[in-house]
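Following: one structure in structure tokens, then a few remarks.
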Amino acid sequence: MSATPADGAPLLEVADLCTYYGRIQALHGVSLSVPSGSLVALVGANGAGKTTLLRTISGVNRASSGAIVFDGRDITRTRSDLRVRSGISQVPEGRQMFGPMSVEDNLRLGAYTRPAAQAQRSIERMYAMFPVLEARRMQPAGTLSGGQQQMLAIGRALMSQPRLLLLDEPSMGLAPQLVAEIFAAIVALAKEGVTILLVEQNAHAALSIADFGYVLETGKTVMSGSGRDLLADERVKQAYLGM
Amino acid sequence: MLSQTLQYLFSGLTNGAIYALSALGFSLIYNASGVINFAQGEFIMLGGVAAVLLTSAGVPLPLAILLAVLMVAVVGLLLEKFAIEPAGDADVVSLIIITIGASIFLQGVAQVVFGKGQRALAPFTGDAPIVIAGASLLPQSLWMIGTGAVIVLVLAWFFGRTRLGKAMLATAHNRLAARLVGINTRHVLALSFVISAALGAIAGVVSAPITLTSYDVGIMVGLKGFVAATLGGLGSGVGAVVGGLILGLMEALAAGYISSAYKDAVPFALIILILFFMPRGLFGARVTERV
Ligand SMILES: Nc1ncnc2c1ncn2[C@@H]1O[C@H](COP(=O)(O)OP(=O)(O)O)[C@@H](O)[C@H]1O
Ligand SMILES: [Mg+2]
């Protein structure tokens with residue numbers, strides 16, 4: 001099965017992307033498209049290259065060939081901080097807190113690319129979205145529970161007011177109750193109009209909320225289709241849904 | 001007896017202030033890059049040497065101090081731009097070796113320009129000792145302790161209150177996350193070299209009237225700064241200051257009560273003990289992140 005998302009102009013377009021770690025090739029020509037305003041899921045086994053793809057889109061890993069086009073502009077060689085300024089923000093795998101710094105400092109650093117005066121209003125919005133963070137605003141981020149850290153990681157990424165939010169395995173290591181809470185927050189963000197590329201090993205949960213999905217295997221996109229079609233696909237069921 | 005102890009205390013605090021500034025320089029660069037910058041002592045040497053050369057060329061002392069600090073800050077920037085940055089993703093050990101090379105190079109240049117002799121900078125405000133409870137204190141010692149204290153306060157404000165300071169701290173805590181929130185971590189690295197170089201130069205300038213200066217004065221004070229930073233816990237600002245003061249005091253007490261021959265042995269005995277018994281130092285990074 002191979003399709004391209006039909007609706008909406010693409011906000012992000014990735015074509016034939018290759019990325020290496022030294023001499024090890026992690027991405028072997030990945031192509032995908034994320035339409036403006038959509039929630040696109042990218043699923044794949046451990047080691048498929050999902051994290052590498054997101055890091056290459058954010059510019060913290062270098063693409064050796066291929067193209068990344070964001071909002072009509074080729075950003076393949078653009079510095080990572082400029083990509084944040086242009087509207088790409090990532091919630092990295094493993095949450096990556098500024099551990100000894102307070103919850104509020106973590107949020108404020110999320111708005112590093114924006115004028116300081118605007119950050120305060122956004123912080124209030126994050127507290128409204130995740131009230132548990134407000135209760136712990138002066139606590140070092142490293143002392144939060146896994147679920148709270150994930151909320152903080154999402155809040156911090158939203159502080160830059162991204163147009164494209166990249167989420168790398170937000171459900172990793174969380175209890176089912178918390179996974180549901182995090183996914184509810186992601187759906188709410190998508191409803192607000194944030195374009196989202198969601199990477200998950202938890203394929204069922206991700207495809208269930210996605211408009212469109214891609215399957216990544218050993219550094220290549222091997223399948224794509226609407227979330228519903230992929231959920232119903234026999235090969236996807238066998239390989240990723242454990243059915 | 002009391003006056004003697006007080007005398008050792010003064011001398012310990014005076015040297016300790018310099019070790020603390022040197023240790024802060026080590027910790028700053030270590031935080032930004034994981035590198036131990038063995039050229040840190042040369043920043044101290046260059047500060048003193050430049051100030052001496054400028055004043056003997058007729059530049060008034062305050063201006064000479066300012067120029068010396070600025071010049072050394074530029075040297076720090078050039079070191080980062082032309083030696084550290086081009087090495088790119090080289091491993092930390094290679095980068096440390098580069099800083100050792102830079103240190104030897106800077107000493108060589110200083111030897112050519114300054115000669116092999118020792119020279120002193122004029123004391124900022126005279127050299128009539130102040131006598132407190134029988135112990136005497138040079139006005140320049142007060143300058144050294146006071147300058148150290150002011151710098152510590154300025155740094156505490158910078159890292160605790162300003163956006164840029166917090167961005168530098170954030171880069172130290174998690175470089176990947178720092179890049180993902182849009183911090184240019186290359187600028188952070190360059191800035192940490194500039195600040196460390198300026199700190200070193202200030203230490204070199206305020207201590208030059210007492211300790212004298214020469215092209216090779218940076219080796220010892222650099223190593224002692226490294227010991228102080230390790231004692232306090234590499235990367236910790238508070239640790240650098242406490243480590244510097246403890247080292248200064250221990251040296252002064254060892255010199256006073258045992259023999260001045262042992263003064264320089266203190267840091268080296270200390271570093272072996274630290275590395276064996278508390279490699280994280282007094283305030284070293286505790287693991288706060290949950291896995
Ligand atoms: N820092 C690294 N150095 C070398 N190889 C890496 C590194 N990170 C990931 N890889 C390799 O790249 C491939 C893709 O990894 P990754 O993008 O982390 O996959 P995923 O996120 O889908 O689990 C794997 O084979 C992995 O071993
Ligand atoms: Mg991954």
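Letters for chains follow the order of the structure tokens (A, B, ...), residue numbers begin at 1 for each chain, and ligand numbers begin at 1 in the order shown.
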Could you list, as a list in words, every residue within 10 Å of Leu70 (chain B), counting only C-alpha atoms and ignoring same-chain residues fewer than 6 positions away?
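Listing them by chain and then by number gives Gly47, Ala64, Gly76, Val194, Ala197, Ala198, Ala201 and Ile202 of chain B.
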Would you mind exporting N, CA and C atoms of the selected residues as a compact mmCIF listing (two decimals), in the first residue's frame?
```txt
# COMPACT_ATOMS: atom_id res chain seq x y z
N GLY B 47 47.03 38.00 30.67
CA GLY B 47 46.45 39.20 31.29
C GLY B 47 47.53 40.00 31.99
N ALA B 64 45.14 50.34 30.71
CA ALA B 64 45.95 49.15 30.42
C ALA B 64 45.23 47.89 30.87
N GLY B 76 40.84 34.33 23.56
CA GLY B 76 39.95 33.21 23.88
C GLY B 76 39.02 32.90 22.72
N VAL B 194 35.26 33.09 25.62
CA VAL B 194 35.48 34.53 25.82
C VAL B 194 35.40 34.88 27.31
N ALA B 197 38.36 33.39 29.23
CA ALA B 197 39.59 34.14 28.96
C ALA B 197 39.59 35.46 29.71
N ALA B 198 38.44 36.14 29.72
CA ALA B 198 38.36 37.41 30.43
C ALA B 198 38.56 37.20 31.93
N ALA B 201 42.18 36.68 32.51
CA ALA B 201 42.94 37.92 32.36
C ALA B 201 42.78 38.81 33.58
N ILE B 202 41.56 38.88 34.09
CA ILE B 202 41.33 39.70 35.28
C ILE B 202 42.15 39.16 36.45
```
Expected answer as a PyMOL selection string: strand (DSSP E) residues in region 94-221 of chain B:
chain B and resi 130-132+135-137
Just all heavy atoms for this one: save the residues we selected as a tab-separated table (two decimals), in the first residue's frame.
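result_23.tsv, freshly written:
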```tsv
chain	number	residue	atom	x	y	z
B	130	ILE	N	48.29	47.15	55.42
B	130	ILE	CA	47.29	47.48	56.43
B	130	ILE	C	47.49	46.44	57.54
B	130	ILE	O	47.56	45.24	57.26
B	130	ILE	CB	45.88	47.33	55.84
B	130	ILE	CG1	45.76	48.17	54.56
B	130	ILE	CG2	44.80	47.66	56.85
B	130	ILE	CD1	44.66	47.70	53.65
B	131	VAL	N	47.58	46.90	58.80
B	131	VAL	CA	47.80	45.94	59.89
B	131	VAL	C	46.48	45.70	60.62
B	131	VAL	O	45.82	46.62	61.07
B	131	VAL	CB	48.88	46.46	60.86
B	131	VAL	CG1	49.05	45.46	62.01
B	131	VAL	CG2	50.20	46.64	60.12
B	132	ILE	N	46.07	44.42	60.65
B	132	ILE	CA	44.84	44.04	61.35
B	132	ILE	C	45.20	42.98	62.38
B	132	ILE	O	45.67	41.91	62.02
B	132	ILE	CB	43.80	43.46	60.36
B	132	ILE	CG1	43.53	44.46	59.23
B	132	ILE	CG2	42.52	43.07	61.09
B	132	ILE	CD1	42.75	43.88	58.09
B	135	ALA	N	48.36	41.15	62.02
B	135	ALA	CA	48.67	40.56	60.72
B	135	ALA	C	48.61	41.65	59.68
B	135	ALA	O	47.78	42.55	59.75
B	135	ALA	CB	47.66	39.46	60.39
B	136	SER	N	49.51	41.57	58.70
B	136	SER	CA	49.50	42.65	57.72
B	136	SER	C	48.92	42.17	56.38
B	136	SER	O	49.07	41.00	56.00
B	136	SER	CB	50.90	43.21	57.52
B	136	SER	OG	51.71	42.23	56.90
B	137	LEU	N	48.26	43.09	55.73
B	137	LEU	CA	47.55	42.77	54.50
B	137	LEU	C	47.89	43.85	53.50
B	137	LEU	O	47.74	45.05	53.78
B	137	LEU	CB	46.05	42.76	54.80
B	137	LEU	CG	45.09	42.35	53.71
B	137	LEU	CD1	45.32	40.90	53.32
B	137	LEU	CD2	43.66	42.53	54.18
```
Near Leu249 (chain B), within 8 Å and counting only C-alpha atoms, which residues show up once chain neighbours fewer than 3 positions away are dropped, as a PyMOL selection string?
chain B and resi 8-9+11-13+16+245-246+252-253
File dump, residues just selected, all heavy atoms, as a PDB file, in the first residue's frame:
```
ATOM      1  N   TYR B   8      48.180  33.789  57.799  1.00  0.00           N
ATOM      2  CA  TYR B   8      48.028  32.682  56.835  1.00  0.00           C
ATOM      3  C   TYR B   8      46.671  32.753  56.140  1.00  0.00           C
ATOM      4  O   TYR B   8      46.548  32.472  54.950  1.00  0.00           O
ATOM      5  CB  TYR B   8      48.177  31.327  57.537  1.00  0.00           C
ATOM      6  CG  TYR B   8      49.514  31.139  58.232  1.00  0.00           C
ATOM      7  CD1 TYR B   8      49.625  30.364  59.366  1.00  0.00           C
ATOM      8  CD2 TYR B   8      50.664  31.760  57.733  1.00  0.00           C
ATOM      9  CE1 TYR B   8      50.850  30.195  60.013  1.00  0.00           C
ATOM     10  CE2 TYR B   8      51.889  31.603  58.379  1.00  0.00           C
ATOM     11  CZ  TYR B   8      51.973  30.827  59.512  1.00  0.00           C
ATOM     12  OH  TYR B   8      53.176  30.679  60.139  1.00  0.00           O
ATOM     13  N   LEU B   9      45.685  33.144  56.922  1.00  0.00           N
ATOM     14  CA  LEU B   9      44.327  33.253  56.378  1.00  0.00           C
ATOM     15  C   LEU B   9      44.289  34.281  55.243  1.00  0.00           C
ATOM     16  O   LEU B   9      43.739  34.040  54.167  1.00  0.00           O
ATOM     17  CB  LEU B   9      43.395  33.674  57.511  1.00  0.00           C
ATOM     18  CG  LEU B   9      41.923  33.319  57.361  1.00  0.00           C
ATOM     19  CD1 LEU B   9      41.750  31.814  57.450  1.00  0.00           C
ATOM     20  CD2 LEU B   9      41.108  34.011  58.453  1.00  0.00           C
ATOM     21  N   SER B  11      46.752  35.354  53.427  1.00  0.00           N
ATOM     22  CA  SER B  11      47.511  34.906  52.264  1.00  0.00           C
ATOM     23  C   SER B  11      46.736  33.805  51.528  1.00  0.00           C
ATOM     24  O   SER B  11      46.703  33.762  50.301  1.00  0.00           O
ATOM     25  CB  SER B  11      48.902  34.462  52.734  1.00  0.00           C
ATOM     26  OG  SER B  11      49.251  33.247  52.161  1.00  0.00           O
ATOM     27  N   GLY B  12      46.053  32.945  52.292  1.00  0.00           N
ATOM     28  CA  GLY B  12      45.260  31.877  51.671  1.00  0.00           C
ATOM     29  C   GLY B  12      44.096  32.427  50.866  1.00  0.00           C
ATOM     30  O   GLY B  12      43.823  31.971  49.749  1.00  0.00           O
ATOM     31  N   LEU B  13      43.419  33.414  51.418  1.00  0.00           N
ATOM     32  CA  LEU B  13      42.274  33.991  50.708  1.00  0.00           C
ATOM     33  C   LEU B  13      42.721  34.713  49.445  1.00  0.00           C
ATOM     34  O   LEU B  13      42.055  34.663  48.405  1.00  0.00           O
ATOM     35  CB  LEU B  13      41.519  34.965  51.607  1.00  0.00           C
ATOM     36  CG  LEU B  13      40.645  34.343  52.699  1.00  0.00           C
ATOM     37  CD1 LEU B  13      39.998  35.437  53.545  1.00  0.00           C
ATOM     38  CD2 LEU B  13      39.574  33.460  52.072  1.00  0.00           C
ATOM     39  N   GLY B  16      43.628  32.117  47.061  1.00  0.00           N
ATOM     40  CA  GLY B  16      42.397  31.369  46.802  1.00  0.00           C
ATOM     41  C   GLY B  16      41.484  32.088  45.818  1.00  0.00           C
ATOM     42  O   GLY B  16      40.838  31.460  44.985  1.00  0.00           O
ATOM     43  N   LEU B 245      39.079  28.624  47.229  1.00  0.00           N
ATOM     44  CA  LEU B 245      39.389  29.171  48.554  1.00  0.00           C
ATOM     45  C   LEU B 245      40.005  28.092  49.454  1.00  0.00           C
ATOM     46  O   LEU B 245      40.972  28.359  50.175  1.00  0.00           O
ATOM     47  CB  LEU B 245      38.126  29.763  49.191  1.00  0.00           C
ATOM     48  CG  LEU B 245      37.570  31.004  48.462  1.00  0.00           C
ATOM     49  CD1 LEU B 245      36.309  31.517  49.140  1.00  0.00           C
ATOM     50  CD2 LEU B 245      38.616  32.119  48.380  1.00  0.00           C
ATOM     51  N   ILE B 246      39.436  26.885  49.405  1.00  0.00           N
ATOM     52  CA  ILE B 246      39.999  25.805  50.240  1.00  0.00           C
ATOM     53  C   ILE B 246      41.453  25.545  49.857  1.00  0.00           C
ATOM     54  O   ILE B 246      42.335  25.436  50.715  1.00  0.00           O
ATOM     55  CB  ILE B 246      39.177  24.501  50.086  1.00  0.00           C
ATOM     56  CG1 ILE B 246      37.797  24.670  50.717  1.00  0.00           C
ATOM     57  CG2 ILE B 246      39.912  23.326  50.736  1.00  0.00           C
ATOM     58  CD1 ILE B 246      36.929  23.424  50.614  1.00  0.00           C
ATOM     59  N   ALA B 252      48.361  27.881  52.223  1.00  0.00           N
ATOM     60  CA  ALA B 252      48.937  28.869  53.151  1.00  0.00           C
ATOM     61  C   ALA B 252      49.218  28.235  54.503  1.00  0.00           C
ATOM     62  O   ALA B 252      50.248  28.502  55.131  1.00  0.00           O
ATOM     63  CB  ALA B 252      47.976  30.046  53.297  1.00  0.00           C
ATOM     64  N   LEU B 253      48.296  27.366  54.953  1.00  0.00           N
ATOM     65  CA  LEU B 253      48.501  26.718  56.248  1.00  0.00           C
ATOM     66  C   LEU B 253      49.670  25.736  56.182  1.00  0.00           C
ATOM     67  O   LEU B 253      50.488  25.673  57.109  1.00  0.00           O
ATOM     68  CB  LEU B 253      47.216  26.005  56.688  1.00  0.00           C
ATOM     69  CG  LEU B 253      46.040  26.945  56.998  1.00  0.00           C
ATOM     70  CD1 LEU B 253      44.780  26.158  57.316  1.00  0.00           C
ATOM     71  CD2 LEU B 253      46.388  27.904  58.146  1.00  0.00           C
TER      72      LEU B 253
END
```
Residues of region 39-242 of chain A in helix (DSSP H, G or I) according to DSSP, as JSON, numbers by chain?
{"A": [50, 51, 52, 53, 54, 55, 56, 57, 58, 80, 81, 82, 83, 84, 85, 86, 103, 104, 105, 106, 107, 108, 109, 110, 116, 117, 118, 119, 120, 121, 122, 123, 124, 125, 126, 127, 128, 129, 131, 132, 133, 134, 135, 141, 142, 143, 146, 147, 148, 149, 150, 151, 152, 153, 154, 155, 156, 157, 158, 176, 177, 178, 179, 180, 181, 182, 183, 184, 185, 186, 187, 188, 189, 190, 191, 203, 204, 205, 206, 207, 208, 209, 227, 228, 229, 230, 231, 232, 234, 235, 236, 237, 238, 239, 240]}
Chain A residues within 6 Å of chain B, counting only C-alpha atoms: which ones, as a PDB file with N, CA and C atoms, in the first residue's frame?
```pdb
ATOM      1  N   ASP A  81      18.935  26.057  15.034  1.00  0.00           N
ATOM      2  CA  ASP A  81      18.248  27.135  15.763  1.00  0.00           C
ATOM      3  C   ASP A  81      17.372  27.964  14.821  1.00  0.00           C
ATOM      4  N   VAL A  84      14.074  26.194  14.336  1.00  0.00           N
ATOM      5  CA  VAL A  84      13.123  26.454  15.429  1.00  0.00           C
ATOM      6  C   VAL A  84      12.449  27.801  15.177  1.00  0.00           C
ATOM      7  N   GLN A  96      14.478  14.482  27.577  1.00  0.00           N
ATOM      8  CA  GLN A  96      15.607  15.436  27.535  1.00  0.00           C
ATOM      9  C   GLN A  96      15.352  16.723  28.309  1.00  0.00           C
ATOM     10  N   PHE A  98      16.099  19.744  31.056  1.00  0.00           N
ATOM     11  CA  PHE A  98      17.225  20.429  31.677  1.00  0.00           C
ATOM     12  C   PHE A  98      17.088  20.098  33.162  1.00  0.00           C
ATOM     13  N   GLY A  99      17.594  18.927  33.549  1.00  0.00           N
ATOM     14  CA  GLY A  99      17.243  18.291  34.817  1.00  0.00           C
ATOM     15  C   GLY A  99      17.343  19.136  36.076  1.00  0.00           C
ATOM     16  N   GLY A 110      12.049  27.067  26.472  1.00  0.00           N
ATOM     17  CA  GLY A 110      11.336  26.658  25.263  1.00  0.00           C
ATOM     18  C   GLY A 110      10.992  27.844  24.378  1.00  0.00           C
ATOM     19  N   GLY A 142      14.234  17.432  36.798  1.00  0.00           N
ATOM     20  CA  GLY A 142      14.719  16.068  36.941  1.00  0.00           C
ATOM     21  C   GLY A 142      14.019  15.281  38.037  1.00  0.00           C
TER      22      GLY A 142
END
```
Could you list, as a ChimeraX atom specification, all the residues within 12 Å of ligand 2, counting only C-alpha atoms and all ligand atoms?
/A:26,42-55,91-95,167-172,198-202,216,219
File dump, residues just selected, N, CA, C and O atoms, as a short mmCIF file (atom, residue, chain, number, x, y, z; two decimals), in the first residue's frame:
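The result, written out as out_24.cif:
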```cif
data_model
loop_
_atom_site.label_atom_id
_atom_site.label_comp_id
_atom_site.auth_asym_id
_atom_site.auth_seq_id
_atom_site.Cartn_x
_atom_site.Cartn_y
_atom_site.Cartn_z
N ALA A 26 21.75 5.30 8.43
CA ALA A 26 20.52 5.08 9.22
C ALA A 26 19.27 5.35 8.39
O ALA A 26 18.26 4.69 8.56
N LEU A 42 4.10 8.23 12.19
CA LEU A 42 5.17 7.45 11.58
C LEU A 42 5.46 6.30 12.54
O LEU A 42 5.86 6.53 13.68
N VAL A 43 5.19 5.08 12.08
CA VAL A 43 5.41 3.94 12.97
C VAL A 43 6.52 3.07 12.41
O VAL A 43 6.85 3.14 11.22
N GLY A 44 7.09 2.26 13.28
CA GLY A 44 8.18 1.39 12.85
C GLY A 44 8.84 0.77 14.06
O GLY A 44 8.74 1.30 15.17
N ALA A 45 9.53 -0.33 13.81
CA ALA A 45 10.16 -1.07 14.91
C ALA A 45 11.32 -0.28 15.49
O ALA A 45 11.78 0.71 14.91
N ASN A 46 11.80 -0.73 16.63
CA ASN A 46 12.98 -0.17 17.25
C ASN A 46 14.17 -0.24 16.27
O ASN A 46 14.40 -1.27 15.68
N GLY A 47 14.85 0.87 16.08
CA GLY A 47 16.01 0.87 15.19
C GLY A 47 15.68 1.15 13.73
O GLY A 47 16.56 1.13 12.88
N ALA A 48 14.41 1.41 13.42
CA ALA A 48 14.02 1.65 12.03
C ALA A 48 14.55 2.98 11.49
O ALA A 48 14.69 3.15 10.28
N GLY A 49 14.83 3.91 12.39
CA GLY A 49 15.32 5.21 11.95
C GLY A 49 14.38 6.36 12.25
O GLY A 49 14.57 7.47 11.74
N LYS A 50 13.39 6.13 13.10
CA LYS A 50 12.39 7.17 13.38
C LYS A 50 13.02 8.38 14.06
O LYS A 50 12.81 9.52 13.65
N THR A 51 13.81 8.11 15.09
CA THR A 51 14.46 9.22 15.81
C THR A 51 15.43 9.96 14.89
O THR A 51 15.47 11.20 14.88
N THR A 52 16.17 9.19 14.11
CA THR A 52 17.12 9.82 13.18
C THR A 52 16.39 10.74 12.21
O THR A 52 16.86 11.85 11.92
N LEU A 53 15.23 10.30 11.72
CA LEU A 53 14.46 11.13 10.79
C LEU A 53 14.06 12.45 11.46
O LEU A 53 14.27 13.53 10.90
N LEU A 54 13.51 12.36 12.68
CA LEU A 54 13.08 13.59 13.35
C LEU A 54 14.28 14.50 13.63
O LEU A 54 14.19 15.72 13.48
N ARG A 55 15.39 13.90 14.02
CA ARG A 55 16.57 14.73 14.30
C ARG A 55 17.10 15.38 13.04
O ARG A 55 17.64 16.49 13.09
N VAL A 91 9.62 17.39 20.37
CA VAL A 91 9.61 16.77 21.70
C VAL A 91 10.48 15.53 21.57
O VAL A 91 10.06 14.53 20.99
N PRO A 92 11.72 15.58 22.08
CA PRO A 92 12.66 14.51 21.77
C PRO A 92 12.37 13.23 22.55
O PRO A 92 11.73 13.25 23.60
N GLU A 93 12.88 12.14 21.98
CA GLU A 93 12.80 10.85 22.66
C GLU A 93 13.51 10.94 24.01
O GLU A 93 14.56 11.55 24.13
N GLY A 94 12.89 10.32 25.02
CA GLY A 94 13.52 10.33 26.34
C GLY A 94 13.38 11.66 27.07
O GLY A 94 14.05 11.90 28.06
N ARG A 95 12.57 12.56 26.52
CA ARG A 95 12.15 13.81 27.17
C ARG A 95 13.23 14.87 27.31
O ARG A 95 12.94 16.05 27.19
N LEU A 167 6.87 14.83 17.45
CA LEU A 167 6.81 14.13 18.73
C LEU A 167 7.49 12.77 18.59
O LEU A 167 7.07 11.97 17.77
N ASP A 168 8.52 12.53 19.42
CA ASP A 168 9.24 11.26 19.32
C ASP A 168 8.88 10.34 20.50
O ASP A 168 9.36 10.55 21.61
N GLU A 169 8.05 9.37 20.24
CA GLU A 169 7.64 8.37 21.23
C GLU A 169 7.21 8.97 22.57
O GLU A 169 7.78 8.66 23.62
N PRO A 170 6.18 9.81 22.52
CA PRO A 170 5.74 10.43 23.78
C PRO A 170 5.16 9.42 24.78
O PRO A 170 5.06 9.74 25.96
N SER A 171 4.81 8.22 24.33
CA SER A 171 4.21 7.26 25.27
C SER A 171 5.26 6.34 25.89
O SER A 171 4.93 5.52 26.74
N MET A 172 6.50 6.50 25.49
CA MET A 172 7.53 5.56 25.92
C MET A 172 7.66 5.53 27.45
O MET A 172 7.83 6.55 28.11
N LEU A 198 3.86 12.54 14.40
CA LEU A 198 3.96 11.74 15.62
C LEU A 198 4.67 10.43 15.34
O LEU A 198 4.23 9.64 14.51
N VAL A 199 5.79 10.22 16.03
CA VAL A 199 6.54 8.98 15.87
C VAL A 199 6.21 8.07 17.04
O VAL A 199 6.21 8.52 18.18
N GLU A 200 5.90 6.82 16.76
CA GLU A 200 5.53 5.90 17.84
C GLU A 200 5.91 4.46 17.52
O GLU A 200 5.86 4.03 16.38
N GLN A 201 6.31 3.74 18.57
CA GLN A 201 6.37 2.28 18.43
C GLN A 201 5.00 1.70 18.75
O GLN A 201 4.65 0.62 18.30
N ASN A 202 4.25 2.46 19.55
CA ASN A 202 2.88 2.08 19.90
C ASN A 202 1.99 2.38 18.70
O ASN A 202 1.25 3.36 18.65
N LEU A 216 7.90 2.91 8.63
CA LEU A 216 9.33 3.01 8.35
C LEU A 216 9.99 1.68 8.70
O LEU A 216 9.78 1.13 9.78
N GLY A 219 15.17 2.33 7.72
CA GLY A 219 15.55 3.58 7.08
C GLY A 219 14.82 3.92 5.79
O GLY A 219 15.26 4.80 5.05
#
```
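Look at Glu104 (chain A): the protein and nucleic acid residues within 10 Å of it, using only C-alpha atoms and passing over chain neighbours fewer than 2 places away, are Met101, Ser102, Asn106, Leu107, Arg108, Leu109, Gly110, Gln120, Ile123, Tyr127, Leu133, Glu134, Arg136, Arg137, Met138, Gln139, Pro140, Ala141, Leu152 and Arg156 of chain A.
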Just to confirm, what's the straight-line distance from CA of Gly256 (chain B) to CA of Thr14 (chain B) in Å (one decimal)?
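Those two atoms sit 14.7 Å apart.
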Closest of A:Ile75, A:Met223, A:Met151, A:Ala206 to Leu178 (chain A) - atom-to-atom distances counting only C-alpha atoms:
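Going through A:Ile75, A:Met223, A:Met151, A:Ala206 one by one, the smallest distance to Leu178 (chain A) is for A:Met151.
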From the options A:Pro10, A:Gly22, A:Gly213, A:Pro5, which residue's atoms come nearest to ligand 1, counting only C-alpha atoms and all ligand atoms?
A:Gly22
Name the residues in contact with Gly232 (chain B) at a cut-off of 7 Å, using only C-alpha atoms, excluding same-chain residues fewer than 4 positions from it; report them as an MDAnalysis selection string.
chainID B and resid 228 236 239:240 242:243 281:284
Counting only C-alpha atoms, what is within 9 Å of Ala190 (chain A), bar same-chain residues fewer than 5 positions away, as a PyMOL selection string?
chain A and resi 37-39+185+195-196
Spatial neighbours of Gly29 (chain A), 10 Å, only C-alpha atoms, chain gap at least 3 places, as a PyMOL selection string:
chain A and resi 14-19+26+65-67+219-221
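Restricting the calculation to only C-alpha atoms and all ligand atoms, the smallest distance between ligand 1 and any of A:Gln238, A:Ser89, A:Gln149, A:Thr218 is found for A:Thr218.
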